[in-house]
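Everything below concerns the one structure shown next.
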Amino acid sequence: MDACPVILSAMSDAWSIMESPFRVETAKAYEGLFTLGSGYLHVRGSLEEHLSGAPQNVSYTRLPANVTSERFADTKSKWGTYVPGIFGRHPLLNNEMVNLPFFLGLAPMVDGERLDMENDQITGYRRELRLDTATLIRTLCWHTHSHKQVELTFERFVSAARPYLCVQRLRFHCDHEAHLNLHLGIDADVRTNGYDHFKSIELRPRGGLGCECRVITDAGDEILVATRLVYHLPRDANCELSIRHEQAERACVVVAEAAIEEPVGRELVFEKRSAVTTSRDPVRCDADGWLDIVADQSYEQLHAEHAEVWKRRWDSCDVVIEGDEDSQRAVRFSLYHLLRAHVPDDPRVAIDAKGYAGEAYWGRYFWDTEIFLLPFYLYTDPARARTLVDFRVQSLPGANENANRYGYSGARYAWESDADGRECCPNWQYADHEVHITADVVYGLAHYARATGNVEYLHGPAARVILETARYWMERLDWRKGDGHPSLLGVMGPDEYTPISNNNSYTNRMVAFALKTAAEIGPAAGASPSECEAFAAAAAGLPIPRHEDGLLALQCEGFDLLADPRFDELWRDRDTTFAAQVSQERLYRSKCLKQADVLMLMMLFPGEFSDAEVRRAWEYYLPLTTHDSSLSAGVHAIVATRLGLMDEAWRFWMRARDIDLDVEHEGAAEGIHIANAGAVWQMVVLGFAGMKTAMQTDLLSLTPRLPPTWTRLAFPLVWKGQPVWVQIVPHEVKVVNRGSAPVEVQIHDDCRVLAAQTCGTWQRRTHSSK
């Protein structure tokens, strides 16, 4: 669980993630780490000249499987270009996000020799993701076979100010006369999880310096990609540039050719500007048209407006940690991807489980949205949070379709949702039984209403969702003879290693919450009084199973009677998941957890469980938990802080913060663990700062417990519409109300009202030695 020393030792500052030296073994992991995006458009951090022996057009059949233990295609590199909402139909895996044509290619050749990071002599290599400006920069010195030294600097960003636009720049300097060929273009010979979703491809040159690609997917979406060369030659440089086009069946290349003669040593600067548009765009513009719009803008101007957008984003959410630079960097890395992956002002999509940085989870939307991602946006940028909850509202017809397909009335939200809300999960055990997602959606809607103070949202846009899901639950409930209460049978809770269980505690409590909410707002959605009474009665009757000692909340009925997992005997390699080392049959009959289940329940409803009950659950379930899921560590860290188990909280913090940064163990090779990124923020704010959510209290309440090495923690929040700023140091907590209305604040047991534009200071020791 220690931090990966390789990547953390290669950091330049707390706003930077750096790769140095280059190693092909970690190239794919860095591609995921270095993903850039505008929300609308996302591109993995692949090298401009590509790696030899890593074809992107390999077709293969990916089968439905447990992603946690699945072995992915063994490739050195994985291109990825993604526009949220562009899905295609896979013959076995259902709808999946489509990998679009690759437009980053910008490959220099000197005297006929192509830059090759694996086989050439390279010195001074450094590739850096600047988190503050969302800019990727690579510098290197290339020692060619003809004994020339070529200094190269590659830069790129996907514009936050112009979301359709990607801008690249190459600075080229050679110490001798040389012949330069620069290859740039668009390559549509790509696959998505081994499958070709393109039904037609058209390629053509555009003017003398560009080319364009038009593809139609198997779902009928049209994608236009245009790219254009802009170059800057010194007036006294003794070279001329010639341009030609080369075209293959699925690729178009612009070749810029120059003979560099005496006097040498002048820097040549090339820009590649690319734009992507699709038929889903609310306002359609030709991709080449976007390039025309910025034709008179310099690189510096385009980058400055992009950086200004990112500055505003960071001002709303940056977390400052002093005394621990590794944690500071890891938090900013998580926030960067949370900011990048969100699609502003577009409720037609949410955030997929790999943060639009890979295809492992097919670009689909899970319960991650409500439970792990939504809190960050709710308390830093409520307008962004609104698009996530509105996504569930607009995808209600898909949820109705799901319920109907299973033979129920109402709405049943998909475990793995596409943009239309349809169930796309190809694995029956999750699709059929992990039904808590439908209640999680209602929890997310309620959380939005309470956190923003917009309670009318539940009676307006969200009302139909709440009512329709409640009607589904009323038909999904069973009444066993002799019980006297309703039951939810044959369900899977957050722990996916207990697949078909009865009365899972987490599911029952979440469904009870959803039904109680429906009883309260039902009349606004057209429910009758008798229907609302039935909702309320069912909510009150759903049980939380208990162990015979009365203190332990059981994960489900009979959980304590399952087989011992025999970890010491069967889990020999702790660097790989338990699920990868035992059969599914053994997994499903054993008393083992993939991730927090009862502890997740206790994290979301902390006021309903005493410290003694939480500690009993901790001591019982922790030894049985594999943490095979990236969603597990964050929950355990937050619960540990509640219990004052600061060594345990730190251990889980270290595990969670480095999940993607650990390039030696694949890390982000298949994409960003975006739910874990949300959990990182929650661990800091809800865990170490001890903030209660609006689902738990009406006032801003903090009970800080800082790790011993943290000398200062500071962050902005939005509490019920009012912006505030919090600073925590070992003996003091300061809260500044930057809003226009009073905010009631409680630090430990000391409650005060802060007037608008005032500051409050609480003197108290915040460290815990437990």
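The way I read the labels, and the way they are meant: chains A, B, ... in the order of the structure tokens, residue 1 as the first residue of every chain, and ligand 1 as the first ligand shown, with later ones counted on from there.
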For Pro108 in chain A, list every protein, DNA or RNA residue within 12 Å, evaluated using only C-alpha atoms, and leave out those in the same chain fewer than 2 positions away; present the list as an MDAnalysis selection string.
chainID A and resid 47:50 105:106 110:117 142 144 150:154 170:174 178:184 254:258 268 270
Can you spit out the residues from that selection as a compact mmCIF listing (two decimals), in the first residue's frame, using N, CA, C and O atoms?
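Below you can see again35.txt, which holds the result:
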```
# COMPACT_ATOMS: atom_id res chain seq x y z
N LEU A 47 2.13 8.97 -27.73
CA LEU A 47 3.23 9.71 -28.35
C LEU A 47 2.84 10.16 -29.75
O LEU A 47 2.16 9.45 -30.48
N GLU A 48 3.35 11.32 -30.14
CA GLU A 48 3.01 11.88 -31.45
C GLU A 48 3.52 11.01 -32.58
O GLU A 48 2.88 10.93 -33.64
N GLU A 49 4.67 10.38 -32.41
CA GLU A 49 5.26 9.57 -33.49
C GLU A 49 4.90 8.09 -33.37
O GLU A 49 5.27 7.30 -34.23
N HIS A 50 4.19 7.74 -32.33
CA HIS A 50 3.73 6.38 -32.07
C HIS A 50 4.92 5.46 -31.77
O HIS A 50 6.08 5.82 -31.95
N GLY A 105 -0.99 12.37 -34.55
CA GLY A 105 0.26 12.04 -35.22
C GLY A 105 1.04 13.27 -35.68
O GLY A 105 0.52 14.12 -36.39
N LEU A 106 2.29 13.36 -35.24
CA LEU A 106 3.17 14.47 -35.60
C LEU A 106 4.60 13.95 -35.50
O LEU A 106 5.30 14.16 -34.52
N VAL A 110 14.46 12.65 -39.76
CA VAL A 110 15.67 13.39 -40.10
C VAL A 110 16.56 12.50 -40.94
O VAL A 110 16.93 11.39 -40.52
N ASP A 111 16.86 12.94 -42.15
CA ASP A 111 17.67 12.18 -43.10
C ASP A 111 17.12 10.77 -43.29
O ASP A 111 17.87 9.78 -43.34
N GLY A 112 15.81 10.66 -43.34
CA GLY A 112 15.16 9.38 -43.57
C GLY A 112 14.98 8.53 -42.34
O GLY A 112 14.41 7.44 -42.41
N GLU A 113 15.46 8.99 -41.18
CA GLU A 113 15.35 8.23 -39.93
C GLU A 113 14.19 8.78 -39.10
O GLU A 113 14.14 9.97 -38.80
N ARG A 114 13.28 7.91 -38.73
CA ARG A 114 12.10 8.32 -37.96
C ARG A 114 12.40 8.24 -36.47
O ARG A 114 13.05 7.30 -36.00
N LEU A 115 11.93 9.22 -35.73
CA LEU A 115 12.10 9.20 -34.28
C LEU A 115 11.50 7.93 -33.70
O LEU A 115 10.35 7.58 -33.97
N ASP A 116 12.30 7.21 -32.89
CA ASP A 116 11.88 5.93 -32.31
C ASP A 116 12.32 5.91 -30.85
O ASP A 116 13.50 5.72 -30.55
N MET A 117 11.37 6.08 -29.95
CA MET A 117 11.71 6.18 -28.54
C MET A 117 12.29 4.89 -27.97
O MET A 117 13.03 4.92 -26.99
N TRP A 142 17.51 14.02 -29.40
CA TRP A 142 17.56 12.82 -30.25
C TRP A 142 18.91 12.78 -30.96
O TRP A 142 19.25 13.68 -31.71
N THR A 144 20.80 11.10 -33.67
CA THR A 144 20.47 10.29 -34.84
C THR A 144 21.63 9.38 -35.24
O THR A 144 22.77 9.57 -34.80
N VAL A 150 19.27 16.44 -32.39
CA VAL A 150 18.02 17.14 -32.67
C VAL A 150 17.29 17.37 -31.35
O VAL A 150 16.99 16.42 -30.63
N GLU A 151 17.07 18.62 -31.04
CA GLU A 151 16.32 18.97 -29.84
C GLU A 151 14.86 19.17 -30.21
O GLU A 151 14.54 19.94 -31.12
N LEU A 152 13.98 18.46 -29.52
CA LEU A 152 12.56 18.49 -29.82
C LEU A 152 11.77 18.86 -28.57
O LEU A 152 12.05 18.36 -27.48
N THR A 153 10.78 19.71 -28.76
CA THR A 153 9.81 20.01 -27.71
C THR A 153 8.42 19.88 -28.30
O THR A 153 8.06 20.59 -29.25
N PHE A 154 7.66 18.93 -27.76
CA PHE A 154 6.27 18.73 -28.17
C PHE A 154 5.37 19.32 -27.08
O PHE A 154 5.58 19.07 -25.90
N LEU A 170 5.33 21.78 -32.15
CA LEU A 170 6.63 21.11 -32.17
C LEU A 170 7.70 22.15 -32.43
O LEU A 170 7.66 22.87 -33.44
N ARG A 171 8.66 22.22 -31.52
CA ARG A 171 9.84 23.06 -31.71
C ARG A 171 11.00 22.15 -32.12
O ARG A 171 11.30 21.18 -31.41
N PHE A 172 11.63 22.47 -33.23
CA PHE A 172 12.65 21.61 -33.82
C PHE A 172 13.95 22.39 -33.96
O PHE A 172 13.97 23.50 -34.51
N HIS A 173 15.04 21.79 -33.47
CA HIS A 173 16.35 22.41 -33.59
C HIS A 173 17.38 21.32 -33.89
O HIS A 173 17.46 20.32 -33.16
N CYS A 174 18.15 21.50 -34.96
CA CYS A 174 19.18 20.52 -35.33
C CYS A 174 20.53 21.22 -35.42
O CYS A 174 20.62 22.36 -35.91
N ALA A 178 20.54 19.11 -42.40
CA ALA A 178 19.74 17.89 -42.35
C ALA A 178 18.54 18.02 -43.27
O ALA A 178 18.16 19.13 -43.69
N HIS A 179 17.97 16.87 -43.57
CA HIS A 179 16.75 16.84 -44.35
C HIS A 179 15.62 16.41 -43.42
O HIS A 179 15.65 15.33 -42.83
N LEU A 180 14.62 17.28 -43.26
CA LEU A 180 13.52 17.03 -42.33
C LEU A 180 12.26 16.68 -43.09
O LEU A 180 11.86 17.39 -44.02
N ASN A 181 11.63 15.60 -42.67
CA ASN A 181 10.27 15.26 -43.09
C ASN A 181 9.39 15.22 -41.85
O ASN A 181 9.74 14.56 -40.86
N LEU A 182 8.28 15.90 -41.91
CA LEU A 182 7.34 15.90 -40.79
C LEU A 182 6.03 15.31 -41.27
O LEU A 182 5.41 15.82 -42.20
N HIS A 183 5.62 14.20 -40.63
CA HIS A 183 4.40 13.49 -41.03
C HIS A 183 3.30 13.79 -40.02
O HIS A 183 3.45 13.53 -38.82
N LEU A 184 2.19 14.33 -40.51
CA LEU A 184 1.06 14.61 -39.63
C LEU A 184 -0.22 14.31 -40.40
O LEU A 184 -0.27 14.43 -41.62
N VAL A 254 -0.30 14.48 -44.15
CA VAL A 254 0.36 15.64 -44.73
C VAL A 254 1.84 15.52 -44.42
O VAL A 254 2.23 15.32 -43.27
N VAL A 255 2.67 15.61 -45.45
CA VAL A 255 4.12 15.51 -45.28
C VAL A 255 4.73 16.88 -45.58
O VAL A 255 4.61 17.40 -46.69
N ALA A 256 5.35 17.46 -44.56
CA ALA A 256 6.08 18.72 -44.72
C ALA A 256 7.56 18.39 -44.81
O ALA A 256 8.10 17.70 -43.95
N GLU A 257 8.22 18.90 -45.86
CA GLU A 257 9.61 18.52 -46.13
C GLU A 257 10.46 19.78 -46.22
O GLU A 257 10.08 20.77 -46.86
N ALA A 258 11.61 19.74 -45.58
CA ALA A 258 12.50 20.90 -45.58
C ALA A 258 13.95 20.44 -45.57
O ALA A 258 14.30 19.48 -44.86
N LEU A 268 12.89 25.76 -35.79
CA LEU A 268 11.70 25.69 -36.62
C LEU A 268 10.52 25.34 -35.73
O LEU A 268 10.63 24.46 -34.85
N PHE A 270 6.46 24.25 -35.65
CA PHE A 270 5.31 23.73 -36.40
C PHE A 270 4.14 23.58 -35.43
O PHE A 270 4.30 23.13 -34.30
```
Write out as a ChimeraX atom specification each polymer residue whose atoms come within 7 Å of range 562-564 of chain A, counting only C-alpha atoms; drop sequence neighbours fewer than 2 positions from it.
/A:559-560,566,589-591
Keeping C-alpha atoms, export the residues of the selection given above as a PDB file, in the first residue's frame.
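The new file result25.pdb reads:
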```pdb
ATOM      1  CA  PHE A 559     -23.837 -13.974   5.266  1.00  0.00           C
ATOM      2  CA  ASP A 560     -22.185 -15.318   8.414  1.00  0.00           C
ATOM      3  CA  ARG A 566      -9.203 -19.270   3.133  1.00  0.00           C
ATOM      4  CA  ARG A 589     -19.994 -19.233  -1.978  1.00  0.00           C
ATOM      5  CA  SER A 590     -17.316 -17.731   0.242  1.00  0.00           C
ATOM      6  CA  LYS A 591     -17.515 -15.139   2.976  1.00  0.00           C
TER       7      LYS A 591
END
```
So which residues touch Ala538 in chain A within 12 Å, counting only C-alpha atoms, skipping near sequence neighbours fewer than 3 positions away, as a ChimeraX atom specification?
/A:470-471,473-479,484-488,508-509,511-519,531-535,541-543
Export, as a tab-separated table (two decimals), in the first residue's frame, the selected residues with N, CA, C and O atoms.
```tsv
chain	number	residue	atom	x	y	z
A	470	ALA	N	-40.18	4.22	-7.54
A	470	ALA	CA	-40.93	3.65	-6.40
A	470	ALA	C	-41.93	2.60	-6.88
A	470	ALA	O	-42.11	1.56	-6.23
A	471	ARG	N	-42.56	2.84	-8.00
A	471	ARG	CA	-43.50	1.87	-8.53
A	471	ARG	C	-42.78	0.58	-8.94
A	471	ARG	O	-43.32	-0.52	-8.78
A	473	TRP	N	-40.07	-0.53	-7.40
A	473	TRP	CA	-39.73	-1.21	-6.15
A	473	TRP	C	-40.93	-1.93	-5.55
A	473	TRP	O	-40.77	-3.04	-5.01
A	474	MET	N	-42.10	-1.35	-5.66
A	474	MET	CA	-43.28	-1.99	-5.06
A	474	MET	C	-43.57	-3.33	-5.73
A	474	MET	O	-44.08	-4.26	-5.07
A	475	GLU	N	-43.25	-3.45	-7.00
A	475	GLU	CA	-43.43	-4.75	-7.67
A	475	GLU	C	-42.23	-5.66	-7.45
A	475	GLU	O	-42.37	-6.89	-7.52
A	476	ARG	N	-41.08	-5.10	-7.18
A	476	ARG	CA	-39.87	-5.91	-6.97
A	476	ARG	C	-39.83	-6.51	-5.57
A	476	ARG	O	-39.16	-7.53	-5.33
A	477	LEU	N	-40.56	-5.93	-4.62
A	477	LEU	CA	-40.60	-6.46	-3.25
A	477	LEU	C	-41.31	-7.82	-3.20
A	477	LEU	O	-42.22	-8.09	-3.98
A	478	ASP	N	-40.85	-8.65	-2.27
A	478	ASP	CA	-41.53	-9.91	-1.97
A	478	ASP	C	-42.02	-9.89	-0.52
A	478	ASP	O	-41.40	-9.26	0.35
A	479	TRP	N	-43.13	-10.60	-0.29
A	479	TRP	CA	-43.67	-10.74	1.06
A	479	TRP	C	-43.67	-12.23	1.40
A	479	TRP	O	-44.53	-12.98	0.95
A	484	GLY	N	-44.08	-10.89	7.99
A	484	GLY	CA	-44.69	-9.67	8.47
A	484	GLY	C	-44.00	-8.41	7.98
A	484	GLY	O	-44.30	-7.30	8.45
A	485	HIS	N	-43.07	-8.54	7.07
A	485	HIS	CA	-42.39	-7.38	6.50
A	485	HIS	C	-42.00	-7.69	5.05
A	485	HIS	O	-41.88	-8.86	4.67
A	486	PRO	N	-41.80	-6.67	4.23
A	486	PRO	CA	-41.36	-6.91	2.85
A	486	PRO	C	-39.89	-7.29	2.81
A	486	PRO	O	-39.14	-7.01	3.75
A	487	SER	N	-39.51	-7.94	1.73
A	487	SER	CA	-38.12	-8.33	1.53
A	487	SER	C	-37.70	-8.04	0.10
A	487	SER	O	-38.53	-8.03	-0.81
A	488	LEU	N	-36.41	-7.82	-0.06
A	488	LEU	CA	-35.80	-7.74	-1.40
A	488	LEU	C	-34.93	-8.98	-1.55
A	488	LEU	O	-33.88	-9.10	-0.90
A	508	ASN	N	-31.45	-2.58	1.02
A	508	ASN	CA	-32.70	-2.34	1.73
A	508	ASN	C	-32.80	-0.90	2.27
A	508	ASN	O	-33.83	-0.25	2.16
A	509	ARG	N	-31.69	-0.42	2.86
A	509	ARG	CA	-31.74	0.94	3.42
A	509	ARG	C	-31.87	1.98	2.32
A	509	ARG	O	-32.61	2.97	2.47
A	511	VAL	N	-33.23	1.55	-0.66
A	511	VAL	CA	-34.58	1.46	-1.22
A	511	VAL	C	-35.59	2.07	-0.25
A	511	VAL	O	-36.53	2.76	-0.69
A	512	ALA	N	-35.41	1.85	1.03
A	512	ALA	CA	-36.30	2.47	2.01
A	512	ALA	C	-36.23	3.99	1.89
A	512	ALA	O	-37.27	4.69	1.97
A	513	PHE	N	-35.03	4.51	1.70
A	513	PHE	CA	-34.89	5.96	1.51
A	513	PHE	C	-35.64	6.42	0.27
A	513	PHE	O	-36.35	7.45	0.29
A	514	ALA	N	-35.49	5.68	-0.83
A	514	ALA	CA	-36.15	6.05	-2.08
A	514	ALA	C	-37.66	6.01	-1.94
A	514	ALA	O	-38.38	6.89	-2.43
A	515	LEU	N	-38.19	4.99	-1.26
A	515	LEU	CA	-39.64	4.86	-1.09
A	515	LEU	C	-40.18	5.95	-0.16
A	515	LEU	O	-41.27	6.51	-0.39
A	516	LYS	N	-39.44	6.26	0.89
A	516	LYS	CA	-39.87	7.33	1.80
A	516	LYS	C	-39.90	8.66	1.06
A	516	LYS	O	-40.81	9.48	1.24
A	517	THR	N	-38.90	8.89	0.21
A	517	THR	CA	-38.86	10.13	-0.59
A	517	THR	C	-40.06	10.18	-1.52
A	517	THR	O	-40.70	11.22	-1.70
A	518	ALA	N	-40.38	9.04	-2.13
A	518	ALA	CA	-41.54	8.98	-3.04
A	518	ALA	C	-42.85	9.25	-2.28
A	518	ALA	O	-43.75	9.91	-2.81
A	519	ALA	N	-42.94	8.76	-1.06
A	519	ALA	CA	-44.15	9.01	-0.27
A	519	ALA	C	-44.31	10.50	0.01
A	519	ALA	O	-45.44	11.02	0.06
A	531	GLU	N	-51.38	5.28	-2.62
A	531	GLU	CA	-50.09	4.83	-3.15
A	531	GLU	C	-48.95	5.36	-2.30
A	531	GLU	O	-48.00	4.62	-1.98
A	532	CYS	N	-49.05	6.61	-1.89
A	532	CYS	CA	-48.00	7.18	-1.04
A	532	CYS	C	-47.95	6.48	0.32
A	532	CYS	O	-46.86	6.27	0.88
A	533	GLU	N	-49.10	6.11	0.85
A	533	GLU	CA	-49.13	5.37	2.10
A	533	GLU	C	-48.45	4.01	1.96
A	533	GLU	O	-47.74	3.55	2.87
A	534	ALA	N	-48.66	3.36	0.80
A	534	ALA	CA	-48.02	2.07	0.56
A	534	ALA	C	-46.52	2.22	0.47
A	534	ALA	O	-45.75	1.39	0.96
A	535	PHE	N	-46.06	3.30	-0.19
A	535	PHE	CA	-44.63	3.57	-0.26
A	535	PHE	C	-44.04	3.70	1.14
A	535	PHE	O	-43.00	3.10	1.47
A	541	GLY	N	-40.90	-0.97	6.60
A	541	GLY	CA	-40.83	-2.40	6.89
A	541	GLY	C	-39.58	-3.09	6.42
A	541	GLY	O	-39.28	-4.20	6.90
A	542	LEU	N	-38.82	-2.51	5.51
A	542	LEU	CA	-37.63	-3.20	4.99
A	542	LEU	C	-36.60	-3.38	6.11
A	542	LEU	O	-36.20	-2.42	6.77
A	543	PRO	N	-36.13	-4.61	6.32
A	543	PRO	CA	-35.27	-4.88	7.48
A	543	PRO	C	-33.78	-4.69	7.19
A	543	PRO	O	-33.34	-4.74	6.04
```
Going by DSSP on the backbone, which residues of range 86-147 of chain A come out as strand (DSSP E)? List them as a PyMOL selection string.
chain A and resi 87-90+94-97+106-110+113-114+121-130+135-143
Could those selected residues go to a file with N, CA, C and O atoms, as a CSV table (one decimal), in the first residue's frame?
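Final output, selection-v5.csv:
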```csv
chain,number,residue,atom,x,y,z
A,87,PHE,N,-21.8,6.3,-29.1
A,87,PHE,CA,-21.8,4.8,-28.8
A,87,PHE,C,-22.0,4.0,-30.1
A,87,PHE,O,-22.6,4.5,-31.1
A,88,GLY,N,-21.5,2.8,-30.1
A,88,GLY,CA,-21.7,1.9,-31.2
A,88,GLY,C,-22.1,0.5,-30.6
A,88,GLY,O,-22.0,0.3,-29.4
A,89,ARG,N,-22.7,-0.3,-31.5
A,89,ARG,CA,-23.2,-1.6,-31.1
A,89,ARG,C,-22.2,-2.7,-31.2
A,89,ARG,O,-21.7,-3.0,-32.3
A,90,HIS,N,-21.8,-3.3,-30.1
A,90,HIS,CA,-20.8,-4.4,-30.1
A,90,HIS,C,-21.7,-5.7,-30.1
A,90,HIS,O,-22.7,-5.8,-29.5
A,94,ASN,N,-22.9,-5.2,-26.2
A,94,ASN,CA,-23.9,-4.2,-26.2
A,94,ASN,C,-23.3,-2.8,-26.6
A,94,ASN,O,-22.2,-2.7,-27.1
A,95,ASN,N,-24.0,-1.7,-26.3
A,95,ASN,CA,-23.5,-0.4,-26.7
A,95,ASN,C,-22.3,0.0,-25.9
A,95,ASN,O,-22.2,-0.1,-24.7
A,96,GLU,N,-21.3,0.5,-26.7
A,96,GLU,CA,-20.1,0.9,-26.1
A,96,GLU,C,-19.6,2.2,-26.7
A,96,GLU,O,-19.9,2.5,-27.9
A,97,MET,N,-18.9,3.0,-26.0
A,97,MET,CA,-18.3,4.2,-26.5
A,97,MET,C,-17.3,3.9,-27.6
A,97,MET,O,-16.5,3.0,-27.5
A,106,LEU,N,2.3,13.4,-35.2
A,106,LEU,CA,3.2,14.5,-35.6
A,106,LEU,C,4.6,13.9,-35.5
A,106,LEU,O,5.3,14.2,-34.5
A,107,ALA,N,5.0,13.2,-36.5
A,107,ALA,CA,6.2,12.4,-36.5
A,107,ALA,C,7.4,13.0,-37.3
A,107,ALA,O,7.2,13.1,-38.5
A,108,PRO,N,8.5,13.4,-36.6
A,108,PRO,CA,9.6,13.9,-37.4
A,108,PRO,C,10.5,12.8,-37.9
A,108,PRO,O,10.7,11.8,-37.3
A,109,MET,N,11.1,13.0,-39.1
A,109,MET,CA,12.1,12.2,-39.7
A,109,MET,C,13.3,13.1,-40.1
A,109,MET,O,13.1,14.1,-40.7
A,110,VAL,N,14.5,12.6,-39.8
A,110,VAL,CA,15.7,13.4,-40.1
A,110,VAL,C,16.6,12.5,-40.9
A,110,VAL,O,16.9,11.4,-40.5
A,113,GLU,N,15.5,9.0,-41.2
A,113,GLU,CA,15.4,8.2,-39.9
A,113,GLU,C,14.2,8.8,-39.1
A,113,GLU,O,14.1,10.0,-38.8
A,114,ARG,N,13.3,7.9,-38.7
A,114,ARG,CA,12.1,8.3,-38.0
A,114,ARG,C,12.4,8.2,-36.5
A,114,ARG,O,13.1,7.3,-36.0
A,121,GLN,N,19.0,6.6,-29.6
A,121,GLN,CA,19.6,7.2,-28.4
A,121,GLN,C,19.0,8.5,-28.1
A,121,GLN,O,19.0,9.4,-28.8
A,122,ILE,N,18.4,8.5,-26.9
A,122,ILE,CA,17.6,9.7,-26.4
A,122,ILE,C,18.2,10.1,-25.1
A,122,ILE,O,18.4,9.3,-24.2
A,123,THR,N,18.5,11.4,-25.0
A,123,THR,CA,18.9,12.0,-23.7
A,123,THR,C,18.0,13.1,-23.3
A,123,THR,O,17.3,13.7,-24.2
A,124,GLY,N,18.0,13.5,-22.1
A,124,GLY,CA,17.2,14.6,-21.6
A,124,GLY,C,15.7,14.5,-21.7
A,124,GLY,O,15.0,15.5,-21.8
A,125,TYR,N,15.3,13.2,-21.7
A,125,TYR,CA,13.8,13.0,-21.9
A,125,TYR,C,13.0,13.4,-20.7
A,125,TYR,O,13.3,13.1,-19.5
A,126,ARG,N,12.0,14.1,-20.9
A,126,ARG,CA,11.1,14.6,-19.9
A,126,ARG,C,9.7,14.8,-20.5
A,126,ARG,O,9.6,15.6,-21.5
A,127,ARG,N,8.7,14.2,-20.0
A,127,ARG,CA,7.3,14.4,-20.4
A,127,ARG,C,6.5,14.8,-19.2
A,127,ARG,O,6.5,14.1,-18.2
A,128,GLU,N,5.8,15.9,-19.2
A,128,GLU,CA,5.2,16.5,-18.1
A,128,GLU,C,3.8,16.9,-18.4
A,128,GLU,O,3.5,17.6,-19.3
A,129,LEU,N,2.9,16.5,-17.5
A,129,LEU,CA,1.5,17.0,-17.6
A,129,LEU,C,1.4,18.1,-16.5
A,129,LEU,O,1.5,17.9,-15.3
A,130,ARG,N,1.2,19.3,-17.1
A,130,ARG,CA,0.9,20.5,-16.2
A,130,ARG,C,-0.5,20.5,-15.8
A,130,ARG,O,-1.4,20.7,-16.6
A,135,THR,N,-1.9,21.0,-19.8
A,135,THR,CA,-1.0,21.0,-21.0
A,135,THR,C,0.0,19.9,-20.8
A,135,THR,O,0.6,19.7,-19.8
A,136,LEU,N,0.3,19.2,-21.9
A,136,LEU,CA,1.3,18.1,-21.9
A,136,LEU,C,2.5,18.6,-22.7
A,136,LEU,O,2.4,19.0,-23.9
A,137,ILE,N,3.6,18.4,-22.1
A,137,ILE,CA,4.9,18.9,-22.7
A,137,ILE,C,5.9,17.8,-22.7
A,137,ILE,O,6.1,17.2,-21.6
A,138,ARG,N,6.6,17.6,-23.8
A,138,ARG,CA,7.7,16.6,-23.9
A,138,ARG,C,8.9,17.2,-24.5
A,138,ARG,O,8.8,17.9,-25.5
A,139,THR,N,10.0,17.1,-23.8
A,139,THR,CA,11.3,17.5,-24.3
A,139,THR,C,12.3,16.4,-24.4
A,139,THR,O,12.3,15.5,-23.5
A,140,LEU,N,13.2,16.4,-25.4
A,140,LEU,CA,14.2,15.4,-25.5
A,140,LEU,C,15.3,15.8,-26.5
A,140,LEU,O,15.1,16.7,-27.3
A,141,CYS,N,16.4,15.2,-26.4
A,141,CYS,CA,17.5,15.3,-27.4
A,141,CYS,C,17.7,14.0,-28.1
A,141,CYS,O,17.9,13.0,-27.5
A,142,TRP,N,17.5,14.0,-29.4
A,142,TRP,CA,17.6,12.8,-30.3
A,142,TRP,C,18.9,12.8,-31.0
A,142,TRP,O,19.3,13.7,-31.7
A,143,HIS,N,19.7,11.7,-30.7
A,143,HIS,CA,21.0,11.5,-31.3
A,143,HIS,C,20.8,10.6,-32.5
A,143,HIS,O,20.6,9.4,-32.3
```
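Non-sequential neighbours of Thr625 in chain A (distance at most 8 Å, separation of 5 or more positions within a chain, only C-alpha atoms) are Cys592, Leu593, Lys594, Gln595 and Ala596 of chain A.
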Using only C-alpha atoms, which residues sit within 10 Å of Tyr82 in chain A once same-chain residues fewer than 5 positions away are excluded, as a list in words?
Gly37, Gly39, Tyr40, Leu41, His42, Val43, Arg44, Phe87, Met97, Val98, Asn99, Leu100, Pro101, Phe102, Val276, Tyr356, Ala357, Gly358, Glu359 and Gly363 of chain A
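Across the structure, CA of Thr577 in chain A and CA of Leu631 in chain A are spaced 13.7 Å apart.
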Could you pull out the alpha helix (DSSP H) residues of range 379-531 of chain A from DSSP and send them as a ChimeraX atom specification?
/A:382-394,396-405,428-433,436-452,456-459,463-476,505-521,529-531
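If only C-alpha atoms are the atoms counted, then among A:Leu396, A:Leu63, A:Cys252, A:Ile500 the closest residue to Glu557 in chain A is A:Ile500.
Nearest to Tyr195 in chain A of all the residues A:Pro91, A:Gly644, A:Gly289, A:Pro397 is A:Pro91, counting only C-alpha atoms.
In this structure, CA of Cys213 in chain A sits 13.7 Å away from CA of Thr81 in chain A.
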Please list as an MDAnalysis selection string every residue within 10 Å of range 414-422 of chain A, counting only C-alpha atoms and excluding residues in the same chain fewer than 4 positions away.
chainID A and resid 84:87 94:97 347:350 352:353 361:367 391:403 426 430:438
List as a PyMOL selection string the protein and nucleic acid residues near Val753 in chain A, meaning an atom at most 8 Å away when only C-alpha atoms are counted, but skip any in the same chain fewer than 3 places from it.
chain A and resi 742-745
